[in-house]
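Undergrad: Please read through the structure below; I'll follow up with questions.
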Amino acid sequence: MAEYVYTALPDRKAAIEDLKGKIERRDYNLGVFFLTSGLMKHHRDFSKLLNCDTVCVPVEGFATRKGVWTRGGLLWLIDEEVEVEKYSGGAEKVLRAIRDSKSRKFSLIVFPALYIGSRIETLTAMIRDRRSYSSYVRGNKLALRSMSRYLLEKHVYPINDVLRVFRDRGEVAVALNLFPLEVAFNSPKIALNGREIGRGLLRIGFRRFKSVKYEDTFPERGRSLDENIEILRSEVGLLKEVEVEFEGVAIGSISGKPARYWLGYRQNFLRLAESGEFLGASPQALWMFSRETNGCCGLGLMDTNTNFYPSLYNLDSFYNRMFLAYSETTKYLLSTLCDFLLNSESEVFFIDVNFLLIYESAVASIADCLEDSFAVFDCVSLTFSTTRRYFTEIERGIFSNLTRNAAALKL
Amino acid sequence: MRETFREILSPLLLDDGVAFVGIYRVDGVAIFAGIKRRGVLNILDWLEEQVKLLLNYIESSTFEDLEVKISNYRLFLQPLSRSLVLAVLASETASLYKLRIDISTVRRRFGEHG
């Protein structure tokens with residue numbers, strides 16, 4: 001049974017006092033604080049509550065048997081043998097370091113799929129985008145490759161590239177791909193022992209675990225690409241087929257136009273990111289199919305004020321033929337999620353943050369499906385082995401979706 | 001009882017985006033009021049006059065619950081039982097979807113306390 005305490009109080013002082021009163025001892029092996037947005041900036045004060053290593057992770061909400069909260073924080077107290085490792089820098093450097101690291105049976109990895117740097121860094125990226133894009137539209141395809149390299153160095157850890165390293169070593173890993181709903185400069189923040197790690201990846205390695213389970217709320221994957229397109233059509237409704245030009249993690253054009261051309265709205269990224277009000281979610285998504293498995297995942301489209309659009313996946317293993325969909329239908333999803341929570345016999349659940357946005361107050365009912373376990377809301381991807389043909393298996397053994405999936409862990 | 005109300009409502013009471021949290025009887029009498037901003041007193045005055053009518057609609061199941069925009073605020077009225085209604089007044093800048101989720105959880109907690 002997972003040991004945890006939580007507070008629903010949004011005020012720093014009250015939340016710390018509340019948790020202090022609930023923690024029975026301070027000498028665990030590791031404490032993982034899942035803090036909602038308002039409290040994350042006080043991570044240092046929270047980390048002082050324990051006499052052991054602490055990790056602070058921003059989440060959009062959490063759920064226990066008592067209810068679902070989008071304020072306060074939950075502290076997961078771990079007595080298992082764990083090791084926390086920090087990797088920072090560009091994507092290539094981080095992936096190389098993980099490849100050279102010690103193998104673990106199970107890893108919980110926490111990283112920003114897209115990191116928004118400082119205001120200056122963001123402005124630099126935008127200027128670079130304008131310059132490269134004008135070269136790209138004049139026919140210089142190398143500009144797209146160069147932008148992908150830049151994004152990998154400064155902003156993106158591609159989810160499938162990170163998980164592939166673990167899969168290739170036969171490890172099981174669950175990735176929390178932090179993507180805050182309220183995007184601000186220098187975010188998302190992750191902290192280790194009271195210190196922010198900046199753009200980096202944290203790996204919590206466990207020597208043993210009992211099981212990892214997954215639910216993507218889609219029917220099983222078909223045998224052919226056309227069959228899977230039909231499944232997607234029945235799940236998300238109207239699809240617009242588009243031809244996408246990309247290289248690595250940079251999307252150059254969608255049917256000949258920049259990604260933001262297809263958005264039905266405009267947002268001022270710089271102004272909204274300044275106040276932390278840029279909404280990191282969108283009803284418009286680009287659905288893509290993998291060449292390797294014909295599996296499918298979605299990428300939300302937002303007005304980042306750039307012409308090139310950053311992908312959270314390395315797209316080289318995807319078809320150029322993709323689909324734009326405006327919104328998702330919501331049939332069955334909550335009951336499927338509840339069945340998963342009830343039948344997984346697990347201790348910790350990681351649930352996609354879109355469930356909060358799709359269901360709002362109705363999501364409170366999932367508390368009835370949690371016994372002694374808890375759940376946190378974030379973006380989740382994972383690598384493990386299974387015989388089930390998941391619709392969202394985007395590479396062999398790699399599962400990601402970024403819209404409506406969940407993972408369960410039993411230690 | 002006030003302490004129980006205060007404890008259950010504290011996640012909302014301590015939120016900067018929430019200006020007022022109250023519990024009304026269906027006859028319109030407030031039995032708990034947590035006022036956090038003086039600026040909302042005129043809205044509460046108005047609310048006192050209107051709440052009886054609004055609560056009648058909820059009580060007669062015409063409305064399951066109610067969410068209206070008043071000035072720069074959003075008012076949530078949600079039944080806690082056959083005789084009690086929760087009122088939450090939040091500033092427009094508060095994250096409304098988060099508020100809806102947390103109000104649902106607060107309602108569940110009242111249910112647990114009978």
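Residue names in the structure tokens use chain letters A, B, ... in the order shown, residue numbers from 1 in each chain, and ligand numbers from 1 in the order shown.
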Enumerate the residues of range 45-290 of chain A with a DSSP assignment of alpha helix (DSSP H), computed from the backbone, and present them as number ranges by chain.
TA: A: 45-47, 91-99, 119-137, 142-154, 159-168, 225-236, 269-274
Undergrad: Just the residues within 12 Å of Leu66 in chain B, please, counting only C-alpha atoms, with nothing from its chain fewer than 5 positions along; format it as a PyMOL selection string.
TA: chain B and resi 51+53-59+61+74-79+85-89+100
Undergrad: Once you have the residues from the selection above, write them out as a compact mmCIF listing (two decimals), in the first residue's frame, restricted to N, CA, C and O atoms.
TA:
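part_22.txt was written with the following content:
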```
# COMPACT_ATOMS: atom_id res chain seq x y z
N VAL B 51 -31.44 35.35 -3.41
CA VAL B 51 -31.06 33.97 -3.15
C VAL B 51 -32.28 33.08 -2.87
O VAL B 51 -32.31 31.92 -3.27
N LEU B 53 -35.22 33.22 -4.15
CA LEU B 53 -35.82 32.81 -5.42
C LEU B 53 -34.97 31.75 -6.11
O LEU B 53 -35.45 30.71 -6.57
N LEU B 54 -33.66 32.04 -6.15
CA LEU B 54 -32.75 31.10 -6.82
C LEU B 54 -32.78 29.74 -6.13
O LEU B 54 -32.80 28.69 -6.77
N LEU B 55 -32.80 29.79 -4.79
CA LEU B 55 -32.78 28.54 -4.04
C LEU B 55 -34.09 27.77 -4.24
O LEU B 55 -34.11 26.55 -4.25
N ASN B 56 -35.19 28.51 -4.43
CA ASN B 56 -36.46 27.85 -4.71
C ASN B 56 -36.37 27.03 -5.99
O ASN B 56 -36.88 25.93 -6.08
N TYR B 57 -35.72 27.66 -7.00
CA TYR B 57 -35.55 26.95 -8.26
C TYR B 57 -34.74 25.67 -8.06
O TYR B 57 -35.03 24.63 -8.63
N ILE B 58 -33.69 25.78 -7.25
CA ILE B 58 -32.85 24.60 -7.01
C ILE B 58 -33.64 23.57 -6.20
O ILE B 58 -33.66 22.39 -6.52
N GLU B 59 -34.33 24.08 -5.16
CA GLU B 59 -35.04 23.17 -4.25
C GLU B 59 -36.14 22.42 -5.00
O GLU B 59 -36.39 21.25 -4.78
N SER B 61 -35.99 21.54 -7.92
CA SER B 61 -35.30 20.75 -8.96
C SER B 61 -35.47 21.33 -10.36
O SER B 61 -35.27 20.62 -11.35
N ARG B 74 -18.01 35.38 -10.54
CA ARG B 74 -18.86 34.27 -10.95
C ARG B 74 -19.42 33.63 -9.69
O ARG B 74 -18.68 33.35 -8.74
N LEU B 75 -20.72 33.44 -9.68
CA LEU B 75 -21.38 32.89 -8.50
C LEU B 75 -21.80 31.45 -8.77
O LEU B 75 -22.43 31.15 -9.79
N PHE B 76 -21.41 30.58 -7.86
CA PHE B 76 -21.82 29.18 -7.94
C PHE B 76 -22.80 28.90 -6.80
O PHE B 76 -22.51 29.21 -5.65
N LEU B 77 -23.95 28.34 -7.12
CA LEU B 77 -24.89 27.91 -6.08
C LEU B 77 -25.11 26.41 -6.27
O LEU B 77 -25.55 25.97 -7.34
N GLN B 78 -24.81 25.66 -5.26
CA GLN B 78 -24.90 24.21 -5.37
C GLN B 78 -25.59 23.64 -4.13
O GLN B 78 -25.17 23.96 -3.01
N PRO B 79 -26.61 22.80 -4.30
CA PRO B 79 -27.28 22.24 -3.13
C PRO B 79 -26.38 21.26 -2.38
O PRO B 79 -25.68 20.46 -3.00
N VAL B 85 -27.70 25.13 0.88
CA VAL B 85 -27.10 25.42 -0.42
C VAL B 85 -25.75 26.11 -0.21
O VAL B 85 -25.63 27.00 0.64
N LEU B 86 -24.78 25.66 -0.98
CA LEU B 86 -23.44 26.26 -0.91
C LEU B 86 -23.35 27.38 -1.94
O LEU B 86 -23.72 27.20 -3.10
N ALA B 87 -22.87 28.54 -1.51
CA ALA B 87 -22.67 29.66 -2.44
C ALA B 87 -21.19 30.01 -2.47
O ALA B 87 -20.57 30.19 -1.41
N VAL B 88 -20.63 30.08 -3.65
CA VAL B 88 -19.21 30.46 -3.80
C VAL B 88 -19.13 31.59 -4.81
O VAL B 88 -19.66 31.47 -5.92
N LEU B 89 -18.48 32.67 -4.43
CA LEU B 89 -18.31 33.81 -5.32
C LEU B 89 -16.81 33.90 -5.65
O LEU B 89 -15.99 34.10 -4.75
N ARG B 100 -14.79 24.32 -10.23
CA ARG B 100 -15.94 23.39 -10.37
C ARG B 100 -15.57 22.02 -9.80
O ARG B 100 -16.38 21.37 -9.12
```
Undergrad: List the neighbours of range 270-282 of chain A out to 6 Å using only C-alpha atoms; skip same-chain residues closer than 5 positions along the sequence, and give me the result as number ranges by chain.
TA: A: 180-185, 300
Undergrad: Those residues with N, CA, C and O atoms, as a PDB file, in the first residue's frame please?
TA:
```pdb
ATOM      1  N   PRO A 180       2.390  22.022 -18.194  1.00  0.00           N
ATOM      2  CA  PRO A 180       1.411  22.707 -17.354  1.00  0.00           C
ATOM      3  C   PRO A 180       0.260  23.299 -18.154  1.00  0.00           C
ATOM      4  O   PRO A 180       0.450  23.718 -19.299  1.00  0.00           O
ATOM      5  N   LEU A 181      -0.904  23.328 -17.544  1.00  0.00           N
ATOM      6  CA  LEU A 181      -2.051  23.957 -18.208  1.00  0.00           C
ATOM      7  C   LEU A 181      -1.909  25.466 -18.186  1.00  0.00           C
ATOM      8  O   LEU A 181      -2.474  26.161 -19.013  1.00  0.00           O
ATOM      9  N   GLU A 182      -1.169  25.975 -17.197  1.00  0.00           N
ATOM     10  CA  GLU A 182      -0.924  27.413 -17.165  1.00  0.00           C
ATOM     11  C   GLU A 182       0.559  27.638 -17.445  1.00  0.00           C
ATOM     12  O   GLU A 182       1.399  27.509 -16.567  1.00  0.00           O
ATOM     13  N   VAL A 183       0.855  27.922 -18.686  1.00  0.00           N
ATOM     14  CA  VAL A 183       2.251  28.002 -19.126  1.00  0.00           C
ATOM     15  C   VAL A 183       2.836  29.368 -18.756  1.00  0.00           C
ATOM     16  O   VAL A 183       2.210  30.397 -18.963  1.00  0.00           O
ATOM     17  N   ALA A 184       4.038  29.342 -18.197  1.00  0.00           N
ATOM     18  CA  ALA A 184       4.732  30.585 -17.841  1.00  0.00           C
ATOM     19  C   ALA A 184       6.195  30.454 -18.253  1.00  0.00           C
ATOM     20  O   ALA A 184       6.645  29.366 -18.627  1.00  0.00           O
ATOM     21  N   PHE A 185       6.932  31.556 -18.192  1.00  0.00           N
ATOM     22  CA  PHE A 185       8.365  31.469 -18.472  1.00  0.00           C
ATOM     23  C   PHE A 185       9.045  30.607 -17.409  1.00  0.00           C
ATOM     24  O   PHE A 185       8.582  30.523 -16.265  1.00  0.00           O
ATOM     25  N   GLY A 300      -1.539  18.342 -29.287  1.00  0.00           N
ATOM     26  CA  GLY A 300      -2.389  19.536 -29.210  1.00  0.00           C
ATOM     27  C   GLY A 300      -1.759  20.686 -29.970  1.00  0.00           C
ATOM     28  O   GLY A 300      -0.536  20.854 -29.941  1.00  0.00           O
TER      29      GLY A 300
END
```
Undergrad: Define the interface residues of chain B facing chain A as those within 10 Å, counting only C-alpha atoms, and report them as an NGL selection string.
TA: :B and (8-16 or 93 or 95-109 or 112)
Undergrad: How many Å lie between CA of Ile31 in chain B and CA of Thr62 in chain B, rounded to one decimal?
TA: 23.5 Å
Undergrad: So that I can check the surroundings of Gly34 in chain B, please list as a count of residues only every protein, DNA and RNA residue that reaches within 9 Å of it, counting only C-alpha atoms and ignoring chain neighbours fewer than 5 positions away.
TA: 6
Undergrad: Identify all residues of chain B in strand (DSSP E) (DSSP on the backbone) and supply them as a PyMOL selection string.
TA: chain B and resi 18-25+30-35+66-70+73-79+84-91
Undergrad: What does the file look like for those residues with N, CA and C atoms, as an mmCIF file, in the first residue's frame?
TA:
```cif
data_model
loop_
_atom_site.group_PDB
_atom_site.id
_atom_site.type_symbol
_atom_site.label_atom_id
_atom_site.label_comp_id
_atom_site.auth_asym_id
_atom_site.auth_seq_id
_atom_site.Cartn_x
_atom_site.Cartn_y
_atom_site.Cartn_z
ATOM 1 N N VAL B 18 -11.122 33.289 -4.494
ATOM 2 C CA VAL B 18 -12.487 33.165 -3.981
ATOM 3 C C VAL B 18 -12.763 34.330 -3.042
ATOM 4 N N ALA B 19 -13.861 35.080 -3.327
ATOM 5 C CA ALA B 19 -14.157 36.278 -2.539
ATOM 6 C C ALA B 19 -15.145 35.991 -1.415
ATOM 7 N N PHE B 20 -15.955 34.990 -1.590
ATOM 8 C CA PHE B 20 -16.985 34.706 -0.590
ATOM 9 C C PHE B 20 -17.388 33.235 -0.664
ATOM 10 N N VAL B 21 -17.546 32.633 0.503
ATOM 11 C CA VAL B 21 -18.089 31.272 0.579
ATOM 12 C C VAL B 21 -19.177 31.302 1.641
ATOM 13 N N GLY B 22 -20.347 30.839 1.296
ATOM 14 C CA GLY B 22 -21.431 30.852 2.281
ATOM 15 C C GLY B 22 -22.296 29.617 2.176
ATOM 16 N N ILE B 23 -23.001 29.345 3.273
ATOM 17 C CA ILE B 23 -23.988 28.271 3.238
ATOM 18 C C ILE B 23 -25.335 28.886 3.615
ATOM 19 N N TYR B 24 -26.295 28.708 2.734
ATOM 20 C CA TYR B 24 -27.625 29.298 2.934
ATOM 21 C C TYR B 24 -28.646 28.203 3.215
ATOM 22 N N ARG B 25 -29.606 28.554 4.089
ATOM 23 C CA ARG B 25 -30.768 27.689 4.225
ATOM 24 C C ARG B 25 -31.692 27.973 3.051
ATOM 25 N N ALA B 30 -28.444 32.999 5.683
ATOM 26 C CA ALA B 30 -27.071 32.489 5.651
ATOM 27 C C ALA B 30 -26.712 31.923 7.027
ATOM 28 N N ILE B 31 -26.277 30.668 7.075
ATOM 29 C CA ILE B 31 -25.879 30.108 8.371
ATOM 30 C C ILE B 31 -24.353 30.027 8.499
ATOM 31 N N PHE B 32 -23.660 30.307 7.392
ATOM 32 C CA PHE B 32 -22.199 30.416 7.448
ATOM 33 C C PHE B 32 -21.789 31.390 6.365
ATOM 34 N N ALA B 33 -20.894 32.304 6.704
ATOM 35 C CA ALA B 33 -20.438 33.260 5.691
ATOM 36 C C ALA B 33 -18.959 33.555 5.878
ATOM 37 N N GLY B 34 -18.188 33.292 4.883
ATOM 38 C CA GLY B 34 -16.766 33.638 4.894
ATOM 39 C C GLY B 34 -16.542 34.716 3.848
ATOM 40 N N ILE B 35 -16.467 35.966 4.307
ATOM 41 C CA ILE B 35 -16.311 37.086 3.365
ATOM 42 C C ILE B 35 -14.842 37.493 3.350
ATOM 43 N N LEU B 66 -26.524 26.147 -10.068
ATOM 44 C CA LEU B 66 -26.595 27.413 -10.794
ATOM 45 C C LEU B 66 -25.214 28.067 -10.846
ATOM 46 N N GLU B 67 -24.894 28.632 -12.002
ATOM 47 C CA GLU B 67 -23.625 29.345 -12.129
ATOM 48 C C GLU B 67 -23.910 30.611 -12.927
ATOM 49 N N VAL B 68 -23.735 31.777 -12.304
ATOM 50 C CA VAL B 68 -24.021 33.022 -13.027
ATOM 51 C C VAL B 68 -22.867 34.007 -12.887
ATOM 52 N N LYS B 69 -22.775 34.909 -13.871
ATOM 53 C CA LYS B 69 -21.728 35.919 -13.833
ATOM 54 C C LYS B 69 -22.344 37.215 -13.311
ATOM 55 N N ILE B 70 -21.731 37.752 -12.264
ATOM 56 C CA ILE B 70 -22.210 39.022 -11.710
ATOM 57 C C ILE B 70 -21.016 39.960 -11.631
ATOM 58 N N TYR B 73 -17.407 38.890 -11.134
ATOM 59 C CA TYR B 73 -17.372 37.652 -10.350
ATOM 60 C C TYR B 73 -18.244 36.582 -10.985
ATOM 61 N N ARG B 74 -18.008 35.377 -10.538
ATOM 62 C CA ARG B 74 -18.863 34.267 -10.947
ATOM 63 C C ARG B 74 -19.425 33.632 -9.687
ATOM 64 N N LEU B 75 -20.719 33.444 -9.680
ATOM 65 C CA LEU B 75 -21.378 32.891 -8.498
ATOM 66 C C LEU B 75 -21.802 31.448 -8.770
ATOM 67 N N PHE B 76 -21.413 30.577 -7.859
ATOM 68 C CA PHE B 76 -21.822 29.177 -7.941
ATOM 69 C C PHE B 76 -22.805 28.900 -6.805
ATOM 70 N N LEU B 77 -23.950 28.340 -7.124
ATOM 71 C CA LEU B 77 -24.888 27.907 -6.085
ATOM 72 C C LEU B 77 -25.111 26.411 -6.270
ATOM 73 N N GLN B 78 -24.807 25.660 -5.255
ATOM 74 C CA GLN B 78 -24.901 24.207 -5.369
ATOM 75 C C GLN B 78 -25.585 23.645 -4.131
ATOM 76 N N PRO B 79 -26.606 22.804 -4.300
ATOM 77 C CA PRO B 79 -27.282 22.239 -3.128
ATOM 78 C C PRO B 79 -26.379 21.255 -2.378
ATOM 79 N N LEU B 84 -29.918 22.852 2.516
ATOM 80 C CA LEU B 84 -28.747 23.733 2.538
ATOM 81 C C LEU B 84 -28.162 23.915 1.139
ATOM 82 N N VAL B 85 -27.705 25.131 0.881
ATOM 83 C CA VAL B 85 -27.103 25.419 -0.417
ATOM 84 C C VAL B 85 -25.754 26.114 -0.210
ATOM 85 N N LEU B 86 -24.776 25.663 -0.977
ATOM 86 C CA LEU B 86 -23.442 26.264 -0.909
ATOM 87 C C LEU B 86 -23.346 27.385 -1.942
ATOM 88 N N ALA B 87 -22.874 28.539 -1.510
ATOM 89 C CA ALA B 87 -22.674 29.662 -2.438
ATOM 90 C C ALA B 87 -21.191 30.013 -2.465
ATOM 91 N N VAL B 88 -20.627 30.084 -3.651
ATOM 92 C CA VAL B 88 -19.211 30.457 -3.799
ATOM 93 C C VAL B 88 -19.130 31.585 -4.811
ATOM 94 N N LEU B 89 -18.485 32.671 -4.425
ATOM 95 C CA LEU B 89 -18.305 33.807 -5.325
ATOM 96 C C LEU B 89 -16.808 33.896 -5.654
ATOM 97 N N ALA B 90 -16.503 33.729 -6.925
ATOM 98 C CA ALA B 90 -15.085 33.706 -7.317
ATOM 99 C C ALA B 90 -14.806 34.814 -8.314
ATOM 100 N N SER B 91 -13.608 35.356 -8.250
ATOM 101 C CA SER B 91 -13.260 36.401 -9.211
ATOM 102 C C SER B 91 -13.099 35.752 -10.585
#
```
Undergrad: Ala91 in chain A: which residues within 9 Å, counting only C-alpha atoms, same-chain residues fewer than 6 positions away excluded, as a ChimeraX atom specification?
TA: /A:151-158,161-162
Undergrad: Store the residues picked out above, limited to C-alpha atoms, as a PDB file, in the first residue's frame.
TA:
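Wrote part_10.pdb, looks like this:
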```pdb
ATOM      1  CA  LEU A 151      14.475  22.697 -30.380  1.00  0.00           C
ATOM      2  CA  LEU A 152      16.196  19.511 -29.193  1.00  0.00           C
ATOM      3  CA  GLU A 153      19.052  21.512 -27.749  1.00  0.00           C
ATOM      4  CA  LYS A 154      16.940  24.143 -26.016  1.00  0.00           C
ATOM      5  CA  HIS A 155      13.303  23.156 -25.576  1.00  0.00           C
ATOM      6  CA  VAL A 156      12.138  19.613 -26.355  1.00  0.00           C
ATOM      7  CA  TYR A 157      12.825  16.185 -24.863  1.00  0.00           C
ATOM      8  CA  PRO A 158      10.969  13.969 -27.351  1.00  0.00           C
ATOM      9  CA  ASP A 161      13.212   9.121 -27.836  1.00  0.00           C
ATOM     10  CA  VAL A 162      13.453   9.180 -24.033  1.00  0.00           C
TER      11      VAL A 162
END
```
Undergrad: Could you check the closest approach to Gly170 in chain A for each of A:Arg145, A:Glu83, A:Ser344, A:Arg99 and tell me which residue wins, using only C-alpha atoms?
TA: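 Between A:Arg145, A:Glu83, A:Ser344, A:Arg99, the residue approaching Gly170 in chain A most closely is A:Arg99.
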Undergrad: From the set A:Asn314, A:Ser135, A:Ser346, A:Thr122, which residue has the shortest atom-to-atom contact distance to Phe269 in chain A, counting only C-alpha atoms?
TA: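 Closest candidate: A:Thr122.
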Undergrad: Under the rule of at most 12 Å, produce a per-residue listing of range 166-243 of chain A near range 319-327 of chain A: chain, number, name, the closest pair of atoms, and the distance in Å, as a Markdown table, using only C-alpha atoms.
TA:
```
| residue | atom | partner | partner_atom | distance |
| --- | --- | --- | --- | --- |
| A:Leu225 | CA | A:Tyr319 | CA | 9.9 |
| A:Asp226 | CA | A:Arg321 | CA | 11.4 |
| A:Asn228 | CA | A:Phe323 | CA | 12.0 |
| A:Ile229 | CA | A:Phe323 | CA | 8.9 |
| A:Glu230 | CA | A:Phe323 | CA | 11.6 |
| A:Leu232 | CA | A:Phe323 | CA | 9.5 |
| A:Arg233 | CA | A:Ala325 | CA | 9.1 |
| A:Ser234 | CA | A:Ala325 | CA | 11.7 |
| A:Glu235 | CA | A:Ser327 | CA | 10.3 |
| A:Val236 | CA | A:Ser327 | CA | 6.7 |
| A:Gly237 | CA | A:Ala325 | CA | 7.4 |
| A:Leu238 | CA | A:Ala325 | CA | 6.2 |
| A:Leu239 | CA | A:Ala325 | CA | 5.0 |
| A:Lys240 | CA | A:Leu324 | CA | 5.0 |
| A:Glu241 | CA | A:Phe323 | CA | 4.5 |
| A:Val242 | CA | A:Met322 | CA | 5.4 |
| A:Glu243 | CA | A:Arg321 | CA | 4.9 |
```
Undergrad: Nearest to Val165 in chain A among A:Gly295, A:Asn51, A:Gly252, A:Ile398, with distances taken over only C-alpha atoms: which residue is it?
TA: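 Smallest separation from Val165 in chain A among the options: A:Ile398.
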